[in-house]
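Visitor: Here it is, the structure in full.
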Amino acid sequence: MSKLLAVGTVAFDAIETPFGKTDKILGGSATFVGLAASQFGIQTGLVSVVGDDMPKAYLTMLNERNIDTSGVEIVQGGKTFFWSGRYHNDMNSRDTLVTELNTLADFAPVVPENFKDAPIIMLGNLHPLTQSSVLDQLSEKPKMVILDTMNFWMDSALDDLKQVIKRVDVITINDEEARQLSGEYSLVNAAKKIHEMGPKYVVIKKGEHGALLFNDGNMFFAPALPLAEVFDPTGAGDTFAGGFAGYIAKTEDISFENMKSAVIYGSNLASFCVEKFGTERMQNLTKEEVHKRLQSFKELTQFEIELN
Ligand code: AMP
């Protein structure tokens with residue numbers, strides 16, 4: 001069975017949207033990546049840290065979906081990473097209200113022995129030094145390393161971030177963050193600058209406006225599926241990244257053509273994530289639903305045109 005190693009946060013989130021508000025619910029970049037990747041019948045190993053305030057039932061729920069949590073350290077007496085955000089009316093932008101690193105502050109990741117040879121590595125949103133440390137522990141050179149990050153780490157650990165970016169093949173990043181990282185307004189120029197930092201492939205996520213894939217001169221665009229109801233966008237970016245990485249792990253084909261399909265799979269899964277608060281929708285997603293929506297994606301973007 002194909003293997004994916006994913007590092008990121010397993011977190012408590014408190015979310016406010018124009019439609020409602022949650023108390024602390026399960027979230028975190030690794031959680032969303034794992035749930036998305038679980039759709040591909042692969043074995044995903046998570047590396048993360050939580051406090052003993054994290055209910056066992058949440059980890060069991062992940063295990064039931066073939067997600068290995070032996071690399072999720074449980075710190076006795078520690079508190080789990082907590083993030084709180086409030087979405088604006090457009091549901092595309094948000095303010096971070098609270099980021100409490102808690103056990104994440106002195107986390108030293110340990111990659112489980114059976115995942116040190118994973119061919120595909122997803123460095124989910126986390127401190128860049130933690131992301132680097134995961135790469136240092138691998139026993140074999142992976143086929144592909146994908147990195148996801150956010151403005152929080154650009155603001156607080158830019159030099160470390162630049163170091164780890166040098167070591168990856170693909171970066172997934174949202175449009176505002178691509179502009180911040182590159183200092184370029186045009187996304188085409190931003191992708192060019194980010195290529196120069198290391199990654200051969202740059203994926204720029206544009207929320208409800210889809211995602212762009214850049215590789216040197218090649219460019220590909222996938223729309224986001226227009227939805228009648230968007231309930232909570234939290235985790236959509238991580239779900240996209242997990243879907244992208246999960247599909248690459250399943251196929252182990254790292255050609256540009258296959259990466260286009262990975263972008264579509266990622267976008268498709270992200271379209272489910274936003275339909276309910278937190279991880280709820282991703283926990284209950286069936287293969288049939290995924291398949292049906294992929295068909296809608298195809299219809300949305302397929303057209304015939306005669307060029308004279
Ligand atoms: P997304 O909406 O895809 O950007 O991801 C939201 C998830 O990222 C939430 O579940 C948070 O717990 C998690 N998160 C928020 N801030 C950070 C951070 N600084 N580092 C890692 N994960 C974070």
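The chains in the structure tokens are called A, B, ... from first to last as shown; in each chain the residues are counted from 1, and the ligands are counted from 1 in the order shown.
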Name the residues in contact with range 197-205 of chain A at a cut-off of 9 Å, using only C-alpha atoms, excluding same-chain residues fewer than 4 positions from it; report them as a PyMOL selection string.

Guide: chain A and resi 146+162-163+165-175+177-178+187+191-193+209-216+237+240+256+263

Visitor: Identify, counting only C-alpha atoms and all ligand atoms, the protein, DNA and RNA residues located within 7 Å of ligand 1, and give them as a PDB file with N, CA, C and O atoms, in the first residue's frame.

Guide:
```pdb
ATOM      1  N   GLY A   8       2.134  18.160  10.743  1.00  0.00           N
ATOM      2  CA  GLY A   8       1.283  19.351  10.849  1.00  0.00           C
ATOM      3  C   GLY A   8       0.680  19.413  12.238  1.00  0.00           C
ATOM      4  O   GLY A   8       1.087  18.666  13.136  1.00  0.00           O
ATOM      5  N   THR A   9      -0.284  20.292  12.402  1.00  0.00           N
ATOM      6  CA  THR A   9      -0.915  20.413  13.719  1.00  0.00           C
ATOM      7  C   THR A   9      -2.143  19.512  13.835  1.00  0.00           C
ATOM      8  O   THR A   9      -2.864  19.290  12.861  1.00  0.00           O
ATOM      9  N   VAL A  10      -2.326  18.988  15.044  1.00  0.00           N
ATOM     10  CA  VAL A  10      -3.616  18.398  15.439  1.00  0.00           C
ATOM     11  C   VAL A  10      -4.074  19.356  16.537  1.00  0.00           C
ATOM     12  O   VAL A  10      -3.360  19.536  17.528  1.00  0.00           O
ATOM     13  N   ALA A  11      -5.205  20.000  16.323  1.00  0.00           N
ATOM     14  CA  ALA A  11      -5.490  21.208  17.097  1.00  0.00           C
ATOM     15  C   ALA A  11      -6.916  21.261  17.618  1.00  0.00           C
ATOM     16  O   ALA A  11      -7.781  20.484  17.210  1.00  0.00           O
ATOM     17  N   PHE A  12      -7.115  22.240  18.501  1.00  0.00           N
ATOM     18  CA  PHE A  12      -8.475  22.684  18.817  1.00  0.00           C
ATOM     19  C   PHE A  12      -8.687  24.013  18.098  1.00  0.00           C
ATOM     20  O   PHE A  12      -7.824  24.891  18.147  1.00  0.00           O
ATOM     21  N   ASP A  13      -9.809  24.131  17.432  1.00  0.00           N
ATOM     22  CA  ASP A  13     -10.167  25.380  16.755  1.00  0.00           C
ATOM     23  C   ASP A  13     -11.461  25.930  17.349  1.00  0.00           C
ATOM     24  O   ASP A  13     -12.363  25.155  17.696  1.00  0.00           O
ATOM     25  N   GLY A  27      -9.441  20.339  14.944  1.00  0.00           N
ATOM     26  CA  GLY A  27      -8.946  20.962  13.717  1.00  0.00           C
ATOM     27  C   GLY A  27      -7.466  20.645  13.568  1.00  0.00           C
ATOM     28  O   GLY A  27      -6.992  19.640  14.108  1.00  0.00           O
ATOM     29  N   GLY A  28      -6.770  21.496  12.872  1.00  0.00           N
ATOM     30  CA  GLY A  28      -5.327  21.313  12.705  1.00  0.00           C
ATOM     31  C   GLY A  28      -4.974  20.908  11.290  1.00  0.00           C
ATOM     32  O   GLY A  28      -5.718  20.179  10.628  1.00  0.00           O
ATOM     33  N   SER A  29      -3.807  21.387  10.837  1.00  0.00           N
ATOM     34  CA  SER A  29      -3.422  21.123   9.447  1.00  0.00           C
ATOM     35  C   SER A  29      -3.246  19.629   9.182  1.00  0.00           C
ATOM     36  O   SER A  29      -3.701  19.121   8.149  1.00  0.00           O
ATOM     37  N   PHE A  82      -3.972  25.674  20.043  1.00  0.00           N
ATOM     38  CA  PHE A  82      -5.320  26.236  19.907  1.00  0.00           C
ATOM     39  C   PHE A  82      -5.292  27.409  18.938  1.00  0.00           C
ATOM     40  O   PHE A  82      -4.431  28.289  19.029  1.00  0.00           O
ATOM     41  N   TRP A  83      -6.235  27.379  18.002  1.00  0.00           N
ATOM     42  CA  TRP A  83      -6.352  28.475  17.030  1.00  0.00           C
ATOM     43  C   TRP A  83      -7.800  28.933  16.964  1.00  0.00           C
ATOM     44  O   TRP A  83      -8.731  28.110  17.015  1.00  0.00           O
ATOM     45  N   THR A  99      -3.742  32.485  18.516  1.00  0.00           N
ATOM     46  CA  THR A  99      -2.905  31.314  18.202  1.00  0.00           C
ATOM     47  C   THR A  99      -2.139  30.990  19.480  1.00  0.00           C
ATOM     48  O   THR A  99      -1.283  31.769  19.901  1.00  0.00           O
ATOM     49  N   ASN A 125       1.265  22.747   7.359  1.00  0.00           N
ATOM     50  CA  ASN A 125       1.494  24.024   8.018  1.00  0.00           C
ATOM     51  C   ASN A 125       1.932  23.837   9.471  1.00  0.00           C
ATOM     52  O   ASN A 125       1.195  23.302  10.292  1.00  0.00           O
ATOM     53  N   LEU A 126       3.152  24.297   9.762  1.00  0.00           N
ATOM     54  CA  LEU A 126       3.770  24.100  11.079  1.00  0.00           C
ATOM     55  C   LEU A 126       5.059  24.914  11.106  1.00  0.00           C
ATOM     56  O   LEU A 126       5.477  25.413  10.060  1.00  0.00           O
ATOM     57  N   HIS A 127       5.711  25.006  12.273  1.00  0.00           N
ATOM     58  CA  HIS A 127       6.972  25.747  12.338  1.00  0.00           C
ATOM     59  C   HIS A 127       7.968  25.165  11.308  1.00  0.00           C
ATOM     60  O   HIS A 127       8.158  23.946  11.251  1.00  0.00           O
ATOM     61  N   MET A 150       1.921  29.293   5.990  1.00  0.00           N
ATOM     62  CA  MET A 150       1.005  30.438   6.059  1.00  0.00           C
ATOM     63  C   MET A 150       1.740  31.685   6.573  1.00  0.00           C
ATOM     64  O   MET A 150       2.892  31.601   7.012  1.00  0.00           O
ATOM     65  N   PHE A 152       1.568  33.352   9.222  1.00  0.00           N
ATOM     66  CA  PHE A 152       2.034  33.317  10.617  1.00  0.00           C
ATOM     67  C   PHE A 152       3.537  32.999  10.672  1.00  0.00           C
ATOM     68  O   PHE A 152       4.293  33.629  11.404  1.00  0.00           O
ATOM     69  N   TRP A 153       3.970  32.014   9.865  1.00  0.00           N
ATOM     70  CA  TRP A 153       5.380  31.586   9.891  1.00  0.00           C
ATOM     71  C   TRP A 153       6.246  32.555   9.102  1.00  0.00           C
ATOM     72  O   TRP A 153       7.440  32.701   9.394  1.00  0.00           O
ATOM     73  N   PRO A 233     -14.941  27.790   5.940  1.00  0.00           N
ATOM     74  CA  PRO A 233     -13.794  27.473   5.078  1.00  0.00           C
ATOM     75  C   PRO A 233     -12.576  26.913   5.822  1.00  0.00           C
ATOM     76  O   PRO A 233     -11.601  26.557   5.178  1.00  0.00           O
ATOM     77  N   THR A 234     -12.618  26.817   7.143  1.00  0.00           N
ATOM     78  CA  THR A 234     -11.436  26.351   7.890  1.00  0.00           C
ATOM     79  C   THR A 234     -10.998  24.966   7.405  1.00  0.00           C
ATOM     80  O   THR A 234     -11.811  24.049   7.339  1.00  0.00           O
ATOM     81  N   GLY A 235      -9.738  24.859   7.099  1.00  0.00           N
ATOM     82  CA  GLY A 235      -9.194  23.555   6.704  1.00  0.00           C
ATOM     83  C   GLY A 235      -9.276  23.299   5.213  1.00  0.00           C
ATOM     84  O   GLY A 235      -8.759  22.285   4.736  1.00  0.00           O
ATOM     85  N   ALA A 236      -9.901  24.211   4.464  1.00  0.00           N
ATOM     86  CA  ALA A 236     -10.031  23.974   3.016  1.00  0.00           C
ATOM     87  C   ALA A 236      -8.647  23.899   2.358  1.00  0.00           C
ATOM     88  O   ALA A 236      -8.400  23.042   1.509  1.00  0.00           O
ATOM     89  N   GLY A 237      -7.733  24.779   2.786  1.00  0.00           N
ATOM     90  CA  GLY A 237      -6.385  24.789   2.218  1.00  0.00           C
ATOM     91  C   GLY A 237      -5.646  23.491   2.538  1.00  0.00           C
ATOM     92  O   GLY A 237      -4.958  22.923   1.687  1.00  0.00           O
ATOM     93  N   ASP A 238      -5.786  23.026   3.763  1.00  0.00           N
ATOM     94  CA  ASP A 238      -5.114  21.778   4.169  1.00  0.00           C
ATOM     95  C   ASP A 238      -5.767  20.581   3.485  1.00  0.00           C
ATOM     96  O   ASP A 238      -5.095  19.606   3.141  1.00  0.00           O
ATOM     97  N   THR A 239      -7.071  20.649   3.319  1.00  0.00           N
ATOM     98  CA  THR A 239      -7.778  19.555   2.644  1.00  0.00           C
ATOM     99  C   THR A 239      -7.333  19.497   1.185  1.00  0.00           C
ATOM    100  O   THR A 239      -7.094  18.420   0.637  1.00  0.00           O
TER     101      THR A 239
END
```

Visitor: Using only C-alpha atoms, which of the listed residues (A:Glu73, A:Glu299, A:Asp148, A:Asp136) sits closest to Leu123 in chain A?

Guide: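 Nearest to Leu123 in chain A: A:Asp148.
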
Visitor: When you count only C-alpha atoms, which of these residues is closest to Asn189 in chain A: A:Leu62, A:Thr17, A:Lys206, A:Gly217?

Guide: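 For Asn189 in chain A, the nearest of the given residues is A:Gly217.
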
Visitor: Skip Tyr247 in chain A itself and residues of its chain fewer than 6 positions away, then list as a PDB file with N, CA and C atoms, in the first residue's frame all residues within 12 Å of it, counting only C-alpha atoms.

Guide:
```pdb
ATOM      1  N   SER A   2       0.495   2.245  -0.815  1.00  0.00           N
ATOM      2  CA  SER A   2       1.292   3.486  -0.880  1.00  0.00           C
ATOM      3  C   SER A   2       1.285   4.203   0.465  1.00  0.00           C
ATOM      4  N   LYS A   3       2.384   4.878   0.710  1.00  0.00           N
ATOM      5  CA  LYS A   3       2.501   5.562   2.003  1.00  0.00           C
ATOM      6  C   LYS A   3       2.692   7.071   1.824  1.00  0.00           C
ATOM      7  N   LEU A   4       2.061   7.804   2.713  1.00  0.00           N
ATOM      8  CA  LEU A   4       2.228   9.267   2.766  1.00  0.00           C
ATOM      9  C   LEU A   4       2.599   9.624   4.199  1.00  0.00           C
ATOM     10  N   VAL A  33      -5.283  17.266   6.479  1.00  0.00           N
ATOM     11  CA  VAL A  33      -4.484  16.568   5.454  1.00  0.00           C
ATOM     12  C   VAL A  33      -4.777  15.069   5.529  1.00  0.00           C
ATOM     13  N   ALA A  36      -8.283  14.112   4.251  1.00  0.00           N
ATOM     14  CA  ALA A  36      -8.382  14.196   2.779  1.00  0.00           C
ATOM     15  C   ALA A  36      -7.640  13.024   2.139  1.00  0.00           C
ATOM     16  N   ALA A  37      -6.441  12.729   2.634  1.00  0.00           N
ATOM     17  CA  ALA A  37      -5.626  11.658   2.034  1.00  0.00           C
ATOM     18  C   ALA A  37      -6.285  10.293   2.229  1.00  0.00           C
ATOM     19  N   SER A  38      -7.082  10.171   3.290  1.00  0.00           N
ATOM     20  CA  SER A  38      -7.706   8.869   3.577  1.00  0.00           C
ATOM     21  C   SER A  38      -8.684   8.455   2.472  1.00  0.00           C
ATOM     22  N   GLN A  39      -9.054   9.384   1.624  1.00  0.00           N
ATOM     23  CA  GLN A  39      -9.961   9.064   0.506  1.00  0.00           C
ATOM     24  C   GLN A  39      -9.278   8.224  -0.573  1.00  0.00           C
ATOM     25  N   PHE A  40      -7.952   8.084  -0.510  1.00  0.00           N
ATOM     26  CA  PHE A  40      -7.231   7.426  -1.605  1.00  0.00           C
ATOM     27  C   PHE A  40      -6.783   6.003  -1.289  1.00  0.00           C
ATOM     28  N   GLY A  41      -7.261   5.451  -0.170  1.00  0.00           N
ATOM     29  CA  GLY A  41      -6.920   4.069   0.181  1.00  0.00           C
ATOM     30  C   GLY A  41      -5.426   3.883   0.397  1.00  0.00           C
ATOM     31  N   ILE A  42      -4.755   4.918   0.884  1.00  0.00           N
ATOM     32  CA  ILE A  42      -3.316   4.807   1.168  1.00  0.00           C
ATOM     33  C   ILE A  42      -3.125   4.789   2.683  1.00  0.00           C
ATOM     34  N   GLN A  43      -1.899   4.528   3.095  1.00  0.00           N
ATOM     35  CA  GLN A  43      -1.588   4.563   4.522  1.00  0.00           C
ATOM     36  C   GLN A  43      -0.940   5.918   4.817  1.00  0.00           C
ATOM     37  N   THR A  44      -1.581   6.727   5.655  1.00  0.00           N
ATOM     38  CA  THR A  44      -1.025   8.046   5.981  1.00  0.00           C
ATOM     39  C   THR A  44      -0.516   8.035   7.418  1.00  0.00           C
ATOM     40  N   ILE A 120       6.249   9.860  -0.531  1.00  0.00           N
ATOM     41  CA  ILE A 120       5.683  11.210  -0.648  1.00  0.00           C
ATOM     42  C   ILE A 120       5.571  11.811   0.759  1.00  0.00           C
ATOM     43  N   MET A 122       4.316  15.153   3.019  1.00  0.00           N
ATOM     44  CA  MET A 122       3.525  16.392   3.071  1.00  0.00           C
ATOM     45  C   MET A 122       3.949  17.161   4.324  1.00  0.00           C
ATOM     46  N   THR A 239      -7.071  20.649   3.319  1.00  0.00           N
ATOM     47  CA  THR A 239      -7.778  19.555   2.644  1.00  0.00           C
ATOM     48  C   THR A 239      -7.333  19.497   1.185  1.00  0.00           C
ATOM     49  N   PHE A 240      -7.200  20.671   0.579  1.00  0.00           N
ATOM     50  CA  PHE A 240      -6.682  20.723  -0.794  1.00  0.00           C
ATOM     51  C   PHE A 240      -5.300  20.060  -0.845  1.00  0.00           C
ATOM     52  N   ALA A 241      -4.422  20.471   0.075  1.00  0.00           N
ATOM     53  CA  ALA A 241      -3.049  19.941   0.081  1.00  0.00           C
ATOM     54  C   ALA A 241      -3.061  18.432   0.340  1.00  0.00           C
ATOM     55  N   ASP A 253       3.152   9.161  -9.437  1.00  0.00           N
ATOM     56  CA  ASP A 253       3.506   9.720 -10.740  1.00  0.00           C
ATOM     57  C   ASP A 253       3.653  11.236 -10.547  1.00  0.00           C
ATOM     58  N   ILE A 254       4.887  11.724 -10.748  1.00  0.00           N
ATOM     59  CA  ILE A 254       5.108  13.139 -10.437  1.00  0.00           C
ATOM     60  C   ILE A 254       5.253  13.998 -11.704  1.00  0.00           C
ATOM     61  N   ASN A 258       0.056  14.567 -14.379  1.00  0.00           N
ATOM     62  CA  ASN A 258      -0.583  13.935 -13.232  1.00  0.00           C
ATOM     63  C   ASN A 258      -0.832  14.942 -12.114  1.00  0.00           C
ATOM     64  N   MET A 259       0.042  15.925 -12.032  1.00  0.00           N
ATOM     65  CA  MET A 259      -0.143  16.950 -11.007  1.00  0.00           C
ATOM     66  C   MET A 259      -1.388  17.794 -11.273  1.00  0.00           C
ATOM     67  N   LYS A 260      -1.734  17.920 -12.553  1.00  0.00           N
ATOM     68  CA  LYS A 260      -2.985  18.627 -12.886  1.00  0.00           C
ATOM     69  C   LYS A 260      -4.165  17.865 -12.258  1.00  0.00           C
ATOM     70  N   SER A 261      -4.155  16.528 -12.407  1.00  0.00           N
ATOM     71  CA  SER A 261      -5.234  15.739 -11.805  1.00  0.00           C
ATOM     72  C   SER A 261      -5.222  15.898 -10.289  1.00  0.00           C
ATOM     73  N   ALA A 262      -4.004  15.947  -9.716  1.00  0.00           N
ATOM     74  CA  ALA A 262      -3.909  16.100  -8.255  1.00  0.00           C
ATOM     75  C   ALA A 262      -4.551  17.411  -7.802  1.00  0.00           C
ATOM     76  N   VAL A 263      -4.377  18.469  -8.602  1.00  0.00           N
ATOM     77  CA  VAL A 263      -4.986  19.770  -8.265  1.00  0.00           C
ATOM     78  C   VAL A 263      -6.519  19.651  -8.295  1.00  0.00           C
ATOM     79  N   ILE A 264      -7.018  18.897  -9.268  1.00  0.00           N
ATOM     80  CA  ILE A 264      -8.476  18.717  -9.364  1.00  0.00           C
ATOM     81  C   ILE A 264      -8.991  17.895  -8.169  1.00  0.00           C
ATOM     82  N   TYR A 265      -8.276  16.811  -7.830  1.00  0.00           N
ATOM     83  CA  TYR A 265      -8.690  16.008  -6.671  1.00  0.00           C
ATOM     84  C   TYR A 265      -8.672  16.850  -5.397  1.00  0.00           C
ATOM     85  N   GLY A 266      -7.633  17.666  -5.249  1.00  0.00           N
ATOM     86  CA  GLY A 266      -7.527  18.528  -4.065  1.00  0.00           C
ATOM     87  C   GLY A 266      -8.680  19.524  -4.008  1.00  0.00           C
ATOM     88  N   SER A 267      -8.983  20.140  -5.157  1.00  0.00           N
ATOM     89  CA  SER A 267     -10.066  21.136  -5.203  1.00  0.00           C
ATOM     90  C   SER A 267     -11.402  20.468  -4.910  1.00  0.00           C
ATOM     91  N   ASN A 268     -11.568  19.270  -5.440  1.00  0.00           N
ATOM     92  CA  ASN A 268     -12.813  18.544  -5.239  1.00  0.00           C
ATOM     93  C   ASN A 268     -13.045  18.271  -3.751  1.00  0.00           C
ATOM     94  N   LEU A 269     -12.019  17.777  -3.073  1.00  0.00           N
ATOM     95  CA  LEU A 269     -12.183  17.457  -1.646  1.00  0.00           C
ATOM     96  C   LEU A 269     -12.398  18.730  -0.827  1.00  0.00           C
TER      97      LEU A 269
END
```

Visitor: Looking at only C-alpha atoms, which of A:Gly124, A:Pro226, A:Pro55, A:Gly77 is the one that sits closest to Lys24 in chain A?

Guide: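 Ranking A:Gly124, A:Pro226, A:Pro55, A:Gly77 by distance to Lys24 in chain A, first place goes to A:Pro55.
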
Visitor: Quick one: pick out all helix (DSSP H, G or I) residues within range 11-228 of chain A from a backbone DSSP run and write them as a ChimeraX atom specification.

Guide: /A:29-40,56-63,102-106,113-115,128-136,151-156,158-165,175-182,187-197,207-209

Visitor: Using only C-alpha atoms, which of the listed residues (A:Ala249, A:Leu104, A:Ala270, A:Val230) sits closest to Asn92 in chain A?

Guide: A:Val230

Visitor: Which residues of range 46-115 of chain A have any atom within 12 Å of an atom in range 20-23 of chain A when counting only C-alpha atoms, and what is the closest pair of atoms for each, with the distance in Å to one decimal? Order the rows by chain and rising number and write it as a Markdown table.

Guide:
```
| residue | atom | partner | partner_atom | distance |
| --- | --- | --- | --- | --- |
| A:Phe82 | CA | A:Asp23 | CA | 11.3 |
| A:Trp83 | CA | A:Asp23 | CA | 11.2 |
| A:Ser84 | CA | A:Asp23 | CA | 9.6 |
| A:Gly85 | CA | A:Lys21 | CA | 10.0 |
| A:Arg86 | CA | A:Lys21 | CA | 8.9 |
| A:Tyr87 | CA | A:Gly20 | CA | 10.3 |
| A:Asn89 | CA | A:Gly20 | CA | 11.9 |
```

Visitor: Using all heavy atoms, can you export the residues from the last selection as a short mmCIF file (atom, residue, chain, number, x, y, z; two decimals), in the first residue's frame?

Guide:
```cif
data_model
loop_
_atom_site.label_atom_id
_atom_site.label_comp_id
_atom_site.auth_asym_id
_atom_site.auth_seq_id
_atom_site.Cartn_x
_atom_site.Cartn_y
_atom_site.Cartn_z
N PHE A 82 -3.97 25.67 20.04
CA PHE A 82 -5.32 26.24 19.91
C PHE A 82 -5.29 27.41 18.94
O PHE A 82 -4.43 28.29 19.03
CB PHE A 82 -5.83 26.69 21.28
CG PHE A 82 -7.13 27.45 21.21
CD1 PHE A 82 -8.29 26.84 20.75
CD2 PHE A 82 -7.19 28.79 21.60
CE1 PHE A 82 -9.49 27.54 20.67
CE2 PHE A 82 -8.39 29.50 21.53
CZ PHE A 82 -9.54 28.87 21.07
N TRP A 83 -6.24 27.38 18.00
CA TRP A 83 -6.35 28.47 17.03
C TRP A 83 -7.80 28.93 16.96
O TRP A 83 -8.73 28.11 17.02
CB TRP A 83 -5.90 28.00 15.64
CG TRP A 83 -6.09 29.04 14.57
CD1 TRP A 83 -5.27 30.09 14.31
CD2 TRP A 83 -7.18 29.12 13.63
NE1 TRP A 83 -5.77 30.82 13.26
CE2 TRP A 83 -6.93 30.25 12.83
CE3 TRP A 83 -8.31 28.35 13.39
CZ2 TRP A 83 -7.80 30.63 11.81
CZ3 TRP A 83 -9.18 28.74 12.38
CH2 TRP A 83 -8.91 29.87 11.59
N SER A 84 -7.98 30.24 16.89
CA SER A 84 -9.34 30.75 16.76
C SER A 84 -9.38 31.80 15.65
O SER A 84 -8.46 32.62 15.52
CB SER A 84 -9.75 31.36 18.11
OG SER A 84 -10.90 32.12 17.96
N GLY A 85 -10.41 31.74 14.83
CA GLY A 85 -10.50 32.67 13.70
C GLY A 85 -11.93 33.13 13.46
O GLY A 85 -12.89 32.45 13.84
N ARG A 86 -12.02 34.32 12.86
CA ARG A 86 -13.35 34.88 12.52
C ARG A 86 -13.37 35.22 11.04
O ARG A 86 -12.51 35.96 10.55
CB ARG A 86 -13.61 36.13 13.36
CG ARG A 86 -15.00 36.71 13.11
CD ARG A 86 -15.19 38.08 13.77
NE ARG A 86 -15.19 38.01 15.22
CZ ARG A 86 -14.53 38.85 16.02
NH1 ARG A 86 -13.77 39.80 15.50
NH2 ARG A 86 -14.59 38.72 17.32
N TYR A 87 -14.36 34.70 10.33
CA TYR A 87 -14.49 34.95 8.89
C TYR A 87 -15.29 36.21 8.64
O TYR A 87 -16.25 36.52 9.35
CB TYR A 87 -15.15 33.74 8.20
CG TYR A 87 -14.19 32.59 8.14
CD1 TYR A 87 -14.09 31.70 9.20
CD2 TYR A 87 -13.33 32.44 7.07
CE1 TYR A 87 -13.16 30.67 9.18
CE2 TYR A 87 -12.40 31.42 7.04
CZ TYR A 87 -12.31 30.54 8.10
OH TYR A 87 -11.38 29.54 8.07
N ASN A 89 -17.70 38.59 5.98
CA ASN A 89 -18.94 38.23 5.27
C ASN A 89 -18.70 37.53 3.94
O ASN A 89 -19.51 36.73 3.51
CB ASN A 89 -19.81 39.47 5.05
CG ASN A 89 -20.57 39.81 6.31
OD1 ASN A 89 -20.73 38.95 7.18
ND2 ASN A 89 -21.00 41.06 6.42
#
```

Visitor: If we count only C-alpha atoms, what is near Leu138 in chain A at a cut-off of 9 Å, once residues fewer than 4 positions away on the same chain are taken out, given as an MDAnalysis selection string?

Guide: chainID A and resid 111 115:118 134 142

Visitor: Extract, using only C-alpha atoms, all DNA, RNA and protein residues at most 9 Å from Ala108 in chain A, discarding same-chain residues fewer than 3 positions from it, and format them as a list in words.

Guide: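 Final neighbour list, sorted by chain and number: Val49, Leu104, Thr130 and Ser133 of chain A.
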
Visitor: Name all residues at most 6 Å from Val47 in chain A (count only C-alpha atoms; drop same-chain ones fewer than 2 positions away) and give them as a PyMOL selection string.

Guide: chain A and resi 7+71-72

Visitor: May I have the residues within 7 Å of Asp52 in chain A as a ChimeraX atom specification, using only C-alpha atoms and disregarding those fewer than 4 positions away in the same chain?

Guide: /A:74-79

Visitor: Could the residues in this selection be saved with all heavy atoms as an mmCIF file, in the first residue's frame?

Guide:
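Resulting contents of out_32.cif:
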```
data_model
loop_
_atom_site.group_PDB
_atom_site.id
_atom_site.type_symbol
_atom_site.label_atom_id
_atom_site.label_comp_id
_atom_site.auth_asym_id
_atom_site.auth_seq_id
_atom_site.Cartn_x
_atom_site.Cartn_y
_atom_site.Cartn_z
ATOM 1 N N ILE A 74 1.750 12.532 22.681
ATOM 2 C CA ILE A 74 0.771 13.060 23.649
ATOM 3 C C ILE A 74 1.544 13.504 24.888
ATOM 4 O O ILE A 74 2.165 12.690 25.567
ATOM 5 C CB ILE A 74 -0.284 11.991 24.011
ATOM 6 C CG1 ILE A 74 -0.990 11.512 22.741
ATOM 7 C CG2 ILE A 74 -1.282 12.541 25.036
ATOM 8 C CD1 ILE A 74 -1.898 10.314 22.916
ATOM 9 N N VAL A 75 1.552 14.806 25.143
ATOM 10 C CA VAL A 75 2.310 15.337 26.280
ATOM 11 C C VAL A 75 1.413 15.337 27.520
ATOM 12 O O VAL A 75 0.391 16.036 27.554
ATOM 13 C CB VAL A 75 2.804 16.781 25.975
ATOM 14 C CG1 VAL A 75 3.557 17.355 27.173
ATOM 15 C CG2 VAL A 75 3.680 16.795 24.728
ATOM 16 N N GLN A 76 1.801 14.539 28.509
ATOM 17 C CA GLN A 76 1.006 14.468 29.739
ATOM 18 C C GLN A 76 1.034 15.826 30.447
ATOM 19 O O GLN A 76 2.098 16.419 30.615
ATOM 20 C CB GLN A 76 1.561 13.377 30.681
ATOM 21 C CG GLN A 76 1.443 11.963 30.116
ATOM 22 C CD GLN A 76 0.008 11.598 29.677
ATOM 23 O OE1 GLN A 76 -0.957 11.878 30.387
ATOM 24 N NE2 GLN A 76 -0.125 10.990 28.498
ATOM 25 N N GLY A 77 -0.127 16.319 30.807
ATOM 26 C CA GLY A 77 -0.227 17.607 31.497
ATOM 27 C C GLY A 77 -0.113 18.790 30.535
ATOM 28 O O GLY A 77 -0.192 19.943 30.963
ATOM 29 N N GLY A 78 0.088 18.514 29.239
ATOM 30 C CA GLY A 78 0.260 19.598 28.261
ATOM 31 C C GLY A 78 -1.071 20.006 27.638
ATOM 32 O O GLY A 78 -2.062 19.275 27.718
ATOM 33 N N LYS A 79 -1.059 21.192 27.036
ATOM 34 C CA LYS A 79 -2.272 21.681 26.354
ATOM 35 C C LYS A 79 -2.062 21.639 24.841
ATOM 36 O O LYS A 79 -0.987 21.987 24.339
ATOM 37 C CB LYS A 79 -2.550 23.139 26.751
ATOM 38 C CG LYS A 79 -3.348 23.262 28.062
ATOM 39 C CD LYS A 79 -3.509 24.717 28.449
ATOM 40 C CE LYS A 79 -4.622 25.395 27.649
ATOM 41 N NZ LYS A 79 -4.753 26.819 28.024
#
```

Visitor: Provide the CA of Asn284 in chain A to CA of Ile248 in chain A distance in Å, to one decimal place.

Guide: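 One can read the CA of Asn284 in chain A to CA of Ile248 in chain A distance as 22.7 Å.
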
Visitor: Compare A:Val110, A:Ala57, A:Ala157, A:Met91 by their minimum atom-to-atom distance to Phe19 in chain A, counting only C-alpha atoms, and give me the closest one.

Guide: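 When distances to Phe19 in chain A are compared using only C-alpha atoms, the smallest one comes from A:Met91.
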
Visitor: Could you check how far CA of Gln131 in chain A sits from CA of Leu161 in chain A, in Å to one decimal?

Guide: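 For CA of Gln131 in chain A relative to CA of Leu161 in chain A, the distance reads 9.0 Å.
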